Structure formats: C-alpha cells, structure tokens
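Shown below: final-v6.txt, with compact mmCIF, C-alpha atoms.
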```
# COMPACT_ATOMS: atom_id res chain seq x y z
CA MET S 1 -1.04 -41.93 -24.15
CA THR S 2 -1.71 -45.66 -24.34
CA THR S 3 -4.37 -47.96 -25.60
CA PRO S 4 -5.90 -49.66 -22.59
CA ARG S 5 -4.96 -53.31 -22.48
CA PRO S 6 -7.51 -56.02 -21.87
CA ASP S 7 -5.52 -57.48 -18.99
CA GLY S 8 -5.17 -54.17 -17.19
CA PHE S 9 -8.27 -52.12 -17.94
CA ALA S 10 -10.54 -53.88 -15.47
CA ARG S 11 -7.85 -53.58 -12.79
CA GLU S 12 -7.55 -49.87 -13.49
CA ILE S 13 -11.29 -49.50 -13.02
CA LEU S 14 -11.00 -51.30 -9.69
CA GLY S 15 -8.26 -48.86 -8.71
CA HIS S 16 -10.82 -46.05 -8.81
CA ALA S 17 -13.57 -48.01 -7.03
CA GLU S 18 -12.99 -46.42 -3.64
CA ALA S 19 -13.21 -42.88 -5.03
CA LEU S 20 -16.35 -43.89 -6.94
CA TYR S 21 -17.93 -45.38 -3.83
CA ASN S 22 -17.13 -42.35 -1.69
CA HIS S 23 -18.64 -40.06 -4.33
CA ALA S 24 -21.70 -42.30 -4.72
CA ARG S 25 -22.17 -42.44 -0.96
CA HIS S 26 -22.25 -38.67 -0.68
CA LEU S 27 -24.49 -38.35 -3.74
CA THR S 28 -27.07 -40.90 -2.61
CA GLY S 29 -26.74 -40.60 1.15
CA GLY S 30 -26.99 -44.39 1.63
CA ASP S 31 -24.70 -47.41 1.55
CA ALA S 32 -26.92 -49.83 -0.42
CA GLU S 33 -27.76 -47.30 -3.12
CA ALA S 34 -24.11 -46.26 -3.37
CA GLN S 35 -23.02 -49.89 -3.77
CA ASP S 36 -25.62 -50.39 -6.52
CA LEU S 37 -24.37 -47.28 -8.24
CA VAL S 38 -20.73 -48.38 -8.19
CA GLN S 39 -21.58 -51.85 -9.51
CA GLU S 40 -23.72 -50.35 -12.26
CA THR S 41 -20.90 -47.92 -13.11
CA CYS S 42 -18.40 -50.77 -13.45
CA ALA S 43 -20.81 -52.78 -15.59
CA ARG S 44 -21.36 -49.81 -17.92
CA ALA S 45 -17.63 -49.09 -18.05
CA LEU S 46 -16.92 -52.63 -19.25
CA THR S 47 -19.77 -52.54 -21.74
CA ASN S 48 -18.59 -49.24 -23.17
CA ALA S 49 -14.84 -49.83 -22.85
CA HIS S 50 -14.43 -49.42 -26.61
CA GLU S 51 -15.63 -45.80 -26.26
CA TYR S 52 -12.92 -44.89 -23.75
CA ARG S 53 -10.16 -42.78 -25.23
CA PRO S 54 -6.87 -42.87 -23.30
CA GLY S 55 -6.83 -39.94 -20.94
CA ASN S 56 -8.37 -39.48 -17.54
CA LEU S 57 -10.04 -42.81 -16.74
CA LYS S 58 -11.21 -41.52 -13.37
CA ALA S 59 -13.07 -38.61 -15.00
CA TRP S 60 -14.63 -41.01 -17.51
CA LEU S 61 -15.82 -43.33 -14.73
CA PHE S 62 -17.25 -40.45 -12.71
CA ARG S 63 -19.21 -39.34 -15.77
CA ILE S 64 -20.65 -42.84 -16.12
CA LEU S 65 -21.52 -42.83 -12.42
CA ARG S 66 -23.35 -39.54 -12.75
CA ASN S 67 -25.40 -40.83 -15.69
CA ALA S 68 -26.24 -44.00 -13.76
CA PHE S 69 -27.23 -41.86 -10.77
CA ILE S 70 -29.58 -39.74 -12.89
CA ASP S 71 -31.10 -42.85 -14.50
CA ALA S 72 -31.70 -44.41 -11.09
CA ARG S 73 -33.33 -41.26 -9.76
CA ARG S 74 -35.57 -41.06 -12.79
CA LYS S 75 -36.72 -44.64 -12.21
CA ARG S 76 -37.40 -44.00 -8.57
CA ARG S 77 -38.93 -40.58 -8.86
CA PRO S 78 -40.28 -40.21 -12.39
CA GLU S 79 -42.49 -37.34 -11.28
CA GLN S 80 -39.49 -35.18 -10.41
CA PRO S 81 -38.84 -32.65 -13.17
CA LEU S 82 -35.41 -33.30 -14.68
CA GLY S 83 -34.56 -29.62 -14.40
CA GLU S 84 -34.31 -29.97 -10.64
CA LEU S 85 -31.18 -32.00 -11.08
CA ASP S 86 -29.59 -29.33 -13.17
CA VAL S 87 -30.36 -26.19 -11.26
CA VAL S 88 -28.19 -24.66 -8.60
CA ASP S 89 -30.53 -22.24 -6.93
CA GLY S 90 -28.66 -19.13 -5.93
CA GLY S 91 -31.47 -18.13 -3.57
CA ASP S 92 -30.81 -15.47 -1.02
CA ALA S 93 -27.78 -13.30 -0.72
CA GLU S 94 -24.44 -14.71 0.34
CA PRO S 95 -23.96 -15.05 4.11
CA LEU S 96 -21.77 -12.42 5.65
CA ARG S 97 -18.14 -13.48 5.81
CA ASP S 98 -17.44 -12.40 9.35
CA ASP S 99 -15.35 -13.66 12.24
CA LEU S 100 -18.34 -15.55 13.60
CA GLU S 101 -18.62 -17.60 10.40
CA LEU S 102 -14.90 -18.21 10.39
CA GLU S 103 -15.04 -19.48 13.95
CA ARG S 104 -18.06 -21.64 13.13
CA LEU S 105 -16.38 -23.20 10.07
CA ARG S 106 -13.28 -24.02 12.05
CA GLY S 107 -15.34 -25.70 14.76
CA LEU S 108 -17.48 -27.93 12.54
CA VAL S 109 -17.46 -31.67 13.10
CA ALA S 110 -17.70 -34.37 10.43
CA ASP S 111 -21.40 -35.13 10.91
CA GLU S 112 -22.37 -31.48 10.55
CA ILE S 113 -20.45 -31.11 7.30
CA GLU S 114 -21.87 -34.32 5.86
CA ALA S 115 -25.42 -33.40 6.88
CA ALA S 116 -25.14 -29.91 5.40
CA LEU S 117 -23.74 -31.30 2.15
CA GLY S 118 -26.54 -33.87 2.07
CA ALA S 119 -29.16 -31.15 2.36
CA LEU S 120 -28.05 -29.49 -0.89
CA SER S 121 -29.57 -30.16 -4.31
CA ASP S 122 -28.05 -33.07 -6.26
CA ASP S 123 -26.26 -30.69 -8.59
CA ALA S 124 -24.88 -28.42 -5.90
CA ARG S 125 -23.63 -31.42 -3.95
CA ALA S 126 -22.12 -32.99 -7.07
CA ILE S 127 -20.16 -29.93 -8.15
CA ILE S 128 -18.68 -29.45 -4.67
CA LEU S 129 -17.65 -33.12 -4.51
CA LEU S 130 -16.15 -33.09 -8.00
CA ASP S 131 -14.12 -30.01 -7.14
CA LEU S 132 -12.99 -31.74 -3.97
CA GLU S 133 -11.85 -34.76 -6.02
CA GLY S 134 -9.51 -32.42 -7.88
CA PHE S 135 -11.14 -32.48 -11.31
CA THR S 136 -10.41 -29.56 -13.62
CA GLU S 137 -13.17 -27.17 -14.65
CA SER S 138 -13.40 -28.79 -18.10
CA GLU S 139 -13.65 -32.27 -16.55
CA VAL S 140 -16.37 -31.07 -14.18
CA ALA S 141 -18.19 -29.47 -17.13
CA GLN S 142 -18.10 -32.76 -19.05
CA GLN S 143 -19.46 -34.66 -16.10
CA LEU S 144 -22.26 -32.22 -15.41
CA GLY S 145 -23.03 -31.60 -19.07
CA CYS S 146 -22.63 -27.86 -18.78
CA ALA S 147 -20.39 -25.26 -20.44
CA ALA S 148 -16.87 -25.10 -18.96
CA GLY S 149 -17.27 -21.34 -18.57
CA THR S 150 -20.16 -21.81 -16.14
CA VAL S 151 -18.40 -24.21 -13.77
CA LYS S 152 -16.73 -21.56 -11.66
CA SER S 153 -19.93 -19.59 -11.08
CA ARG S 154 -21.96 -22.75 -10.41
CA LEU S 155 -19.37 -23.92 -7.92
CA SER S 156 -19.28 -20.54 -6.27
CA ARG S 157 -23.08 -20.56 -5.84
CA ALA S 158 -23.03 -24.12 -4.54
CA ARG S 159 -20.44 -23.15 -1.93
CA VAL S 160 -22.62 -20.21 -0.86
CA LEU S 161 -25.51 -22.64 -0.39
CA LEU S 162 -23.29 -24.96 1.62
CA ARG S 163 -22.13 -22.14 3.87
CA ARG S 164 -25.76 -21.21 4.44
CA GLN S 165 -26.57 -24.82 5.39
CA LEU S 166 -23.54 -25.02 7.64
CA LYS S 167 -24.71 -21.89 9.41
CA ASP S 168 -27.94 -23.73 10.30
CA TYR S 169 -26.32 -27.04 11.23
CA ALA S 170 -23.67 -25.53 13.41
CA ARG S 171 -26.09 -23.63 15.65
CA MET W 172 -8.11 -5.22 -9.94
CA ASN W 173 -11.18 -4.61 -7.74
CA CYS W 174 -12.66 -6.64 -4.87
CA ASP W 175 -15.07 -8.61 -7.10
CA ASP W 176 -12.21 -9.63 -9.40
CA VAL W 177 -10.08 -10.72 -6.46
CA LYS W 178 -12.88 -12.69 -4.75
CA ASP W 179 -13.38 -14.62 -8.00
CA LEU W 180 -9.69 -15.55 -7.98
CA LEU W 181 -9.22 -16.40 -4.30
CA ARG W 182 -9.55 -20.18 -4.74
CA ASP W 183 -7.34 -20.17 -7.83
CA GLN W 184 -4.77 -18.31 -5.75
CA ARG W 185 -4.93 -20.99 -3.06
CA LYS W 186 -4.66 -23.78 -5.63
CA GLY W 187 -1.63 -22.12 -7.20
CA SER W 188 -3.27 -22.11 -10.63
CA LEU W 189 -2.86 -18.39 -11.42
CA ASP W 190 -0.17 -17.06 -13.73
CA ALA W 191 2.59 -15.05 -12.08
CA PRO W 192 1.34 -11.50 -12.90
CA THR W 193 -2.20 -12.28 -11.70
CA ARG W 194 -0.86 -13.95 -8.57
CA VAL W 195 1.17 -10.87 -7.74
CA ALA W 196 -1.78 -8.55 -8.43
CA VAL W 197 -4.08 -10.59 -6.17
CA ALA W 198 -1.47 -10.67 -3.41
CA ALA W 199 -1.00 -6.90 -3.68
CA HIS W 200 -4.75 -6.32 -3.43
CA LEU W 201 -5.07 -8.66 -0.43
CA ALA W 202 -2.28 -6.83 1.37
CA GLY W 203 -4.36 -3.67 1.41
CA CYS W 204 -7.92 -5.00 1.63
CA ALA W 205 -9.19 -6.45 4.91
CA ASP W 206 -12.55 -7.39 3.38
CA CYS W 207 -10.95 -9.59 0.72
CA ARG W 208 -8.57 -11.12 3.26
CA GLN W 209 -11.60 -12.05 5.36
CA ALA W 210 -13.30 -13.56 2.31
CA GLY W 211 -10.17 -15.55 1.57
CA ALA W 212 -9.98 -16.81 5.14
CA VAL W 213 -13.62 -18.00 5.02
CA GLU W 214 -13.10 -19.79 1.68
CA ALA W 215 -9.93 -21.40 3.04
CA ALA W 216 -11.76 -22.52 6.20
CA LEU W 217 -14.52 -24.06 4.07
CA ASP W 218 -11.92 -25.89 1.96
CA GLU W 219 -10.17 -27.11 5.08
CA ALA W 220 -13.45 -28.39 6.55
CA LEU W 221 -14.31 -30.28 3.35
CA GLU W 222 -10.84 -31.67 2.75
CA THR W 223 -10.04 -32.82 6.25
CA ARG W 224 -13.34 -33.33 8.08
CA LEU W 225 -15.90 -34.50 5.51
CA PRO W 226 -16.00 -38.29 6.08
CA ARG W 227 -14.24 -40.35 3.41
CA HIS W 228 -16.29 -43.51 2.94
CA ARG W 229 -14.11 -46.59 2.44
CA LEU W 230 -14.86 -49.41 0.08
CA ALA W 231 -16.21 -52.32 2.11
CA PRO W 232 -14.37 -55.64 1.56
CA GLU W 233 -17.69 -57.23 0.53
CA LEU W 234 -18.19 -54.68 -2.23
CA GLU W 235 -14.57 -55.00 -3.33
CA GLN W 236 -15.06 -58.76 -3.60
CA ARG W 237 -18.20 -58.32 -5.72
CA LEU W 238 -16.45 -55.79 -7.95
CA ARG W 239 -13.48 -58.11 -8.43
CA ALA W 240 -15.87 -60.88 -9.52
CA GLN W 241 -17.75 -58.48 -11.77
CA LEU W 242 -14.59 -57.11 -13.37
CA GLY W 243 -12.76 -60.43 -13.52
CA VAL W 244 -9.86 -59.15 -11.39
CA ALA W 245 -8.21 -61.77 -9.21
CA VAL W 246 -7.50 -61.14 -5.53
CA PRO W 247 -3.79 -60.34 -5.06
CA PRO W 248 -1.94 -63.28 -3.51
CA GLU W 249 -1.04 -61.31 -0.39
CA SER W 250 -4.70 -60.49 0.34
CA ALA W 251 -6.83 -62.63 2.59
CA PRO W 252 -10.24 -63.57 1.18
CA ALA W 253 -12.99 -61.14 2.13
CA ARG W 254 -16.11 -62.11 3.98
CA PRO W 255 -19.05 -63.43 1.92
CA SER W 256 -21.21 -60.68 0.53
CA PRO W 257 -24.44 -59.99 2.36
CA ALA W 258 -27.73 -59.74 0.52
CA HIS W 259 -28.99 -56.22 0.13
CA GLY W 260 -32.66 -55.49 -0.09
CA ALA W 261 -32.73 -52.77 -2.70
CA ALA W 262 -35.22 -53.56 -5.43
CA TRP W 263 -33.01 -51.69 -7.84
CA ARG W 264 -30.17 -54.09 -7.16
CA ALA W 265 -32.44 -57.11 -7.64
CA PHE W 266 -33.19 -55.79 -11.09
CA ALA W 267 -29.76 -54.54 -11.97
CA THR W 268 -27.28 -57.07 -10.60
CA PRO W 269 -28.09 -60.19 -12.69
CA PHE W 270 -28.09 -58.09 -15.83
CA ALA W 271 -24.98 -56.20 -14.79
CA SER W 272 -23.07 -59.42 -14.09
CA ALA W 273 -24.08 -61.00 -17.39
CA LEU W 274 -23.34 -57.76 -19.19
CA ALA W 275 -19.96 -57.49 -17.52
CA ALA W 276 -18.98 -61.02 -18.49
CA ALA W 277 -20.03 -60.40 -22.09
CA ALA W 278 -18.31 -57.03 -22.12
CA LEU W 279 -15.06 -58.52 -20.91
CA VAL W 280 -15.09 -60.88 -23.89
CA VAL W 281 -15.89 -58.00 -26.24
CA LEU W 282 -13.16 -55.91 -24.61
CA VAL W 283 -10.54 -58.60 -25.15
CA LEU W 284 -11.58 -59.03 -28.77
CA ARG W 285 -11.80 -55.33 -29.56
CA LEU W 286 -8.65 -54.09 -27.95
CA GLY W 287 -6.48 -56.74 -29.51
CA ALA W 288 -2.85 -57.30 -28.67
CA PRO W 289 -1.16 -55.46 -25.81
CA ARG W 290 0.91 -52.43 -26.68
CA PRO W 291 4.52 -53.42 -27.27
CA LEU W 292 6.74 -52.60 -24.33
CA ASP W 293 9.21 -49.89 -25.20
CA GLY W 294 11.43 -48.84 -22.31
CA ALA W 295 9.92 -45.45 -21.64
CA TRP W 296 6.37 -46.64 -21.62
CA SER W 297 7.02 -49.77 -19.56
CA LEU W 298 8.65 -47.86 -16.72
CA VAL W 299 5.75 -45.40 -16.52
CA ASP W 300 3.26 -48.24 -16.80
CA GLU W 301 4.95 -50.20 -14.05
CA ALA W 302 4.77 -47.18 -11.76
CA VAL W 303 1.04 -46.74 -12.45
CA SER W 304 0.39 -50.45 -11.90
CA ASP W 305 2.12 -50.32 -8.53
CA HIS W 306 0.10 -47.24 -7.59
CA LEU W 307 -3.10 -49.07 -8.55
CA ARG W 308 -2.06 -51.99 -6.38
CA VAL W 309 -1.64 -49.60 -3.47
CA VAL W 310 -4.95 -47.76 -3.91
CA SER W 311 -7.05 -50.82 -4.74
CA THR W 312 -6.18 -52.81 -1.65
CA THR W 313 -8.32 -52.53 1.43
CA HIS W 314 -5.44 -53.70 3.58
CA PRO W 315 -3.37 -51.22 5.57
CA PRO W 316 0.23 -50.58 4.46
CA GLU W 317 2.69 -53.32 5.42
CA ILE W 318 4.32 -50.78 7.72
CA ALA W 319 2.08 -48.01 9.03
CA SER W 320 3.82 -44.72 9.45
CA GLY W 321 5.03 -43.49 12.76
CA GLY W 322 7.30 -41.20 10.75
CA VAL W 323 10.04 -41.76 8.24
CA HIS W 324 12.43 -42.95 10.96
CA GLN W 325 10.12 -45.88 11.54
CA VAL W 326 9.34 -46.59 7.89
CA LYS W 327 12.86 -46.38 6.44
CA PRO W 328 14.47 -48.99 8.73
CA TRP W 329 11.62 -51.38 7.90
CA PHE W 330 13.07 -51.70 4.38
CA THR W 331 16.43 -52.91 5.71
CA GLY W 332 16.85 -56.53 4.64
CA ARG W 333 13.70 -56.35 2.53
CA VAL W 334 15.30 -54.48 -0.38
CA ASP W 335 18.92 -54.78 -1.52
CA PHE W 336 19.62 -51.04 -1.38
CA ALA W 337 19.17 -48.19 1.10
CA PRO W 338 16.30 -45.92 0.02
CA ARG W 339 17.36 -42.27 0.25
CA LEU W 340 14.43 -40.16 1.41
CA ALA W 341 14.84 -36.67 2.85
CA PHE W 342 11.15 -36.16 3.56
CA ALA W 343 9.28 -37.41 6.62
CA GLY W 344 5.87 -36.14 5.48
CA ASP W 345 4.17 -32.94 6.65
CA ASP W 346 0.67 -31.51 7.02
CA ASP W 347 0.30 -31.10 3.26
CA PHE W 348 1.67 -34.52 2.35
CA PRO W 349 1.35 -36.87 5.34
CA LEU W 350 3.34 -40.11 5.11
CA VAL W 351 0.88 -42.98 5.57
CA GLY W 352 3.21 -45.96 5.44
CA GLY W 353 5.29 -48.22 3.24
CA SER W 354 5.32 -51.55 1.45
CA LEU W 355 7.33 -53.53 -1.08
CA GLY W 356 6.80 -53.39 -4.83
CA TYR W 357 8.51 -54.23 -8.10
CA VAL W 358 9.61 -52.00 -10.97
CA LEU W 359 10.60 -54.04 -14.03
CA HIS W 360 11.63 -56.97 -11.83
CA HIS W 361 13.67 -54.77 -9.47
CA LYS W 362 12.50 -54.71 -5.87
CA ALA W 363 11.26 -51.26 -4.93
CA ALA W 364 10.59 -49.42 -1.69
CA VAL W 365 7.02 -48.08 -1.88
CA LEU W 366 6.09 -45.06 0.25
CA HIS W 367 2.45 -44.09 0.62
CA PHE W 368 1.66 -40.37 0.98
CA ARG W 369 -1.63 -38.49 0.89
CA ARG W 370 -2.59 -35.08 -0.43
CA ARG W 371 -6.08 -34.17 0.82
CA LEU W 372 -8.23 -37.06 -0.45
CA HIS W 373 -5.67 -38.33 -2.95
CA ALA W 374 -3.27 -41.22 -2.59
CA ILE W 375 0.30 -40.59 -3.75
CA THR W 376 2.70 -43.46 -4.30
CA LEU W 377 6.47 -42.98 -4.27
CA LEU W 378 8.60 -45.82 -5.65
CA ILE W 379 12.33 -45.90 -4.98
CA PHE W 380 14.32 -48.49 -6.93
CA PRO W 381 17.82 -49.17 -8.33
CA ALA W 382 17.87 -47.35 -11.67
CA GLU W 383 20.97 -48.95 -13.17
CA GLY W 384 20.25 -50.73 -16.42
CA LEU W 385 16.63 -49.62 -16.63
CA PRO W 386 15.41 -48.06 -19.87
CA TRP W 387 14.73 -44.40 -19.07
CA PRO W 388 12.21 -42.17 -20.88
CA GLU W 389 13.85 -39.40 -22.85
CA ARG W 390 10.90 -37.18 -23.68
CA ASP W 391 8.58 -34.94 -21.60
CA VAL W 392 11.50 -33.81 -19.44
CA VAL W 393 11.16 -30.71 -17.23
CA ARG W 394 13.49 -29.32 -14.57
CA LEU W 395 12.39 -29.53 -10.96
CA ALA W 396 14.60 -29.15 -7.90
CA ASP W 397 17.51 -28.53 -10.26
CA ARG W 398 17.29 -31.94 -11.89
CA PRO W 399 15.62 -33.38 -15.02
CA VAL W 400 12.26 -34.93 -14.24
CA VAL W 401 10.15 -36.92 -16.71
CA GLU W 402 6.49 -35.90 -16.53
CA GLN W 403 4.01 -38.15 -18.25
CA GLU W 404 0.29 -38.91 -18.05
CA ALA W 405 -0.79 -42.53 -18.14
CA ARG W 406 -4.22 -44.02 -17.57
CA GLY W 407 -5.47 -40.88 -15.86
CA PHE W 408 -2.53 -40.58 -13.48
CA THR W 409 0.43 -38.21 -13.48
CA VAL W 410 3.83 -39.90 -13.26
CA LEU W 411 7.03 -38.04 -12.33
CA LEU W 412 10.31 -39.93 -12.79
CA TRP W 413 13.79 -38.82 -11.82
CA ARG W 414 17.16 -40.21 -10.81
CA ASP W 415 19.40 -39.39 -7.89
CA ALA W 416 22.76 -41.12 -8.37
CA ASP W 417 22.05 -44.85 -8.63
CA LEU W 418 18.43 -44.70 -7.48
CA GLY W 419 15.30 -44.05 -9.51
CA TYR W 420 12.24 -42.29 -8.09
CA ALA W 421 8.68 -42.46 -9.40
CA LEU W 422 5.78 -40.43 -8.02
CA VAL W 423 2.28 -41.43 -9.13
CA SER W 424 -1.08 -39.90 -8.26
CA ASP W 425 -4.32 -38.47 -9.63
CA VAL W 426 -3.71 -35.30 -7.63
CA ASN W 427 -3.18 -32.22 -9.76
CA ARG W 428 0.22 -31.92 -11.39
CA ALA W 429 1.29 -28.79 -9.47
CA ASP W 430 0.76 -30.56 -6.14
CA LEU W 431 2.78 -33.56 -7.29
CA GLU W 432 5.58 -31.34 -8.57
CA ALA W 433 5.72 -29.61 -5.17
CA LEU W 434 6.63 -32.95 -3.60
CA VAL W 435 9.76 -33.54 -5.72
CA PRO W 436 12.08 -31.02 -3.97
CA LYS W 437 10.89 -32.29 -0.60
CA ILE W 438 11.87 -35.86 -1.44
CA THR W 439 15.18 -35.10 -3.10
CA PRO W 440 16.29 -31.53 -2.35
CA ALA W 441 18.05 -29.53 -5.08
CA ARG W 442 21.72 -30.40 -5.46
```
Produce structure tokens that represent the structure in this file.
Amino acid sequence: MTTPRPDGFAREILGHAEALYNHARHLTGGDAEAQDLVQETCARALTNAHEYRPGNLKAWLFRILRNAFIDARRKRRPEQPLGELDVVDGGDAEPLRDDLELERLRGLVADEIEAALGALSDDARAIILLDLEGFTESEVAQQLGCAAGTVKSRLSRARVLLRRQLKDYAR
Amino acid sequence: MNCDDVKDLLRDQRKGSLDAPTRVAVAAHLAGCADCRQAGAVEAALDEALETRLPRHRLAPELEQRLRAQLGVAVPPESAPARPSPAHGAAWRAFATPFASALAAAALVVLVLRLGAPRPLDGAWSLVDEAVSDHLRVVSTTHPPEIASGGVHQVKPWFTGRVDFAPRLAFAGDDDFPLVGGSLGYVLHHKAAVLHFRRRLHAITLLIFPAEGLPWPERDVVRLADRPVVEQEARGFTVLLWRDADLGYALVSDVNRADLEALVPKITPAR
C-alpha cells in the first residue's frame, strides 16, 4: 500500500526482530547461531531494501532469514547434499490417532515439544514453524521455494513426523 | 465427502478458512464419523501443544541493542539502556559482523537516497500508519507493559488521569485473546489508551482515542458487529479502524485477518 520510508523502514524491521529470533532459535537450536542469523538477516534486508515491494514485510524478512540460514549451513557443512534441506521424508506410516496419543499430546511439556521439533529435518521444522507464525500457504511456498500447491501436503507430512517424534520423547 | 477429503480439511476447518458450503459438509461428516472426529481431536491437540507450550524465545536486550545500532534505530526515550553486549565466540560471527555492520551503514545511506521523499500524509493513510507505528513500538520493546494485566478492571482504571477521556472497552480478554496489559500512546497527537492482547504467538495492539476532528479513511470499509469498519493492510500488518460515538478504535496485528475481525464484536458489541 505504501512506499517504505527511509525513517521508518529500519524501525519496521526491528519490530519483527523478536519473531525472527524465535524462528532462528528453533531453526538452529542455539542462541549464538540464532543471533548471528538475525543480524545477518537485518544486514541483508537493509542492503536489499530497494527490492522490497510494499506488502508483507515479515514474510520478506523470513525469506531472507531462510536464505541466510541455508548459506550458513552450506559454509559449515559443505559436504551435506543440498537436497537434504529440501526433502520432507514421509517415512513410515502415520501413527495411529488413538486416545493414547491424544492423552500423550495433552500431557507434553515444553522441553519435550522443543526437543521433538529439533529432531526433525530442517525443512520439516521450518514448515511447521512458518505455519505456526500464521503465514499463508503462498507465503510459506515463497519462503521454502516450493509450489504453493505442495505446501499443504508437505506440512501434513511434517506434522506426521513430529507426532512420531513426540511419541518417542513422551515415553 | 469421504474421510480422506475431510481429514485434509480438518485444519482449515479449525482455522475458519473454509467457505460456508464446505464448512457445513465437513461438520456434517464429523457428526457421523468417530474416526474423523478422533483425527480432528489429535490435530487440535498438536496445534494446542505447539501454540501454547512450545517455548517462545525472547529477544535478549543485548541483541536488541546491537540490532538498533546496526539498523540505526534510536532507543526510545522511555527505555533504559541495555547492558553492554557480550562477545560471542562463533567464528561465523567474527567473519560476518564487521562486514554486516559496514554493509548496513552503507545500505542505510543507499536506502535514504533511493527511497527519496516520504509519502505525503493524506488523512486516511496517516491514521493507519500511526496505528502501525504504535503497534511496532509495542512489539519492539523488551520492556513489560506499563500496566500488566490482572484483568480489564485493573487495566482500565490505570488510564484515569493519564488520558483525557474514558476508554470504553467491553472485553476483558479470554483464552483466545488474553489481555496482556496497557500503556499510553499517541494517534495524530491525540493521547491514546493502548491495550495489548495476544492471539497464540501474535501480538495485537488496540488503540482507543478521541476520534473527533481526525481524518477518517473512506475506502476499504466492511461491516462487522453491525458497524462500518475500515480494513487496510500496511507494512505487513492488518489494521481495523472503527468509531463508537466519540471514540476511535484501531486494531493492529500480523495475525490473520479472520482472527482480528473476530475481536471487533468482543471489544465493541453490535449496537
């Protein structure tokens, strides 16, 4: 709706810093790496401010953060095939949705949920977190670089993987 | 509609994003299918665990201070200075930070040059922009609200003597939209009562202010709670604006629009 103004754009970025940090923390699993990622995201956002088209600034920043995250992982682990970041492995069949699982889910504590989420692949973790942040399917697709039509199925598979992890953590 | 179709739509049903015929069809199927009801209950329990029990990591004051320096954003006058930033040992940071800081400084100059003059302030835009700016002030501070909520009966009296009007608020917060607290703000030089709500992980800011004499947007008007409500998007946030007698109300958040709309009739019930 508006052209971002030079005196307000940086402040708007700062307004999303907490959401960026929380996302980075869950993606990386560590405070120092998450802080690096947020600072790098802000630096890139300023550098590329001319590319921002008025719309959802938060979604734009999260996309930058994801790219910075992938770049950092590539530097640290160049031997890791890039495909591993992009694959949500469906694996085994979906856990049975029974009363036992329902009871288990309702009794989970924070550490168990965080640990189970942290045990997922980068992509599975990312899509669950982006959905949790309230992004639309098309915004999630833009951030993950996948077709919008595949977001729902990818998310569904990621949630199955999370439920499987939670089953193990909550024993 | 079979079980596979319904299971695909269960989360959309919970989010309220289905059209009316599909919503009715899903509800009808669920009424007669215990298996799908169980699936829905499990998905809802997983959502509840993620939304309410997954830790939300807060921005440390040290990082906020570094980001402010990096972005060239001054500390608000009401904020105390944060502690000095500690050195972190990550090799990645040692490489990235000097370049990032230099890059940021250069980019800020480029940004100012490229974006040119500020957009002229027409009435409609300035009111929406003011609301977003106040919301950003609320979400970017690491300080707790000036009055933490012990319920609306504690928050509302706090405004007495601090604003020159009595904020009318029929909503004390609930499980879906807990009231976090309140503070003071300004909308186009008018003092405003600022109420802080949450919806899952999202901050929602409600501004209440005297509306008399303020330029009011005339487009993007919908009807909610039997009153005209301006709905606009600005800088990635949804802004809802409406009037109730002499008071103006502005709701701002990055939560999805349907959730924000659901809050309007709670705050000012239909006439």
Write out as a ChimeraX atom specification which residues come within 6 Å of Arg369 in chain W when counting all atoms listed in the file, dropping same-chain ones fewer than 4 positions away. /W:348-349,373-375
Find, counting all atoms listed in the file, the residue in S:Ile70, S:Leu100, S:Leu105, S:Leu120 that gets nearest to chain W. S:Leu105
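Comparing W:Phe380, W:Arg406, W:Arg194, W:Arg394 by their smallest distance to Trp60 in chain S, the closest is W:Arg406 (using all atoms listed in the file).
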Up to 12 Å from (12.7, -29.9, -12.8) in the file's coordinates: name the residues, counting all atoms listed in the file, as a tab-separated table (two decimals) with C-alpha atoms, keeping the file's coordinate frame.
```tsv
chain	number	residue	atom	x	y	z
W	391	ASP	CA	8.58	-34.94	-21.60
W	392	VAL	CA	11.50	-33.81	-19.44
W	393	VAL	CA	11.16	-30.71	-17.23
W	394	ARG	CA	13.49	-29.32	-14.57
W	395	LEU	CA	12.39	-29.53	-10.96
W	396	ALA	CA	14.60	-29.15	-7.90
W	397	ASP	CA	17.51	-28.53	-10.26
W	398	ARG	CA	17.29	-31.94	-11.89
W	399	PRO	CA	15.62	-33.38	-15.02
W	400	VAL	CA	12.26	-34.93	-14.24
W	401	VAL	CA	10.15	-36.92	-16.71
W	402	GLU	CA	6.49	-35.90	-16.53
W	411	LEU	CA	7.03	-38.04	-12.33
W	412	LEU	CA	10.31	-39.93	-12.79
W	413	TRP	CA	13.79	-38.82	-11.82
W	414	ARG	CA	17.16	-40.21	-10.81
W	429	ALA	CA	1.29	-28.79	-9.47
W	431	LEU	CA	2.78	-33.56	-7.29
W	432	GLU	CA	5.58	-31.34	-8.57
W	433	ALA	CA	5.72	-29.61	-5.17
W	434	LEU	CA	6.63	-32.95	-3.60
W	435	VAL	CA	9.76	-33.54	-5.72
W	436	PRO	CA	12.08	-31.02	-3.97
W	439	THR	CA	15.18	-35.10	-3.10
W	440	PRO	CA	16.29	-31.53	-2.35
W	441	ALA	CA	18.05	-29.53	-5.08
W	442	ARG	CA	21.72	-30.40	-5.46
```
What is the distance between CA of Ile64 in chain S and CA of Gly145 in chain S, in Å to one decimal? 11.9 Å
Shell of 7 Å around range 209-223 of chain W, only C-alpha atoms, local chain residues under 6 positions omitted, as a list in words: Arg97, Leu102, Leu105 and Arg106 of chain S; Leu181, Arg371 and Leu372 of chain W
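You can rank W:Leu355, W:Ile438, W:Leu242, W:Ala416 by their closest distance to chain S using all atoms listed in the file, and at the top of that list sits W:Leu242.
The coordinates place CA of Leu129 in chain S at 22.1 Å from CA of Glu235 in chain W.
If all atoms listed in the file are the atoms counted, then among S:Thr150, S:Thr136, S:Thr28, S:Gln142 the closest residue to chain W is S:Thr136.
The residue that comes closest to Ala10 in chain S, out of S:Ala124, S:Ala49, S:Leu27, S:Leu37 and on the basis of all atoms listed in the file, is S:Ala49.
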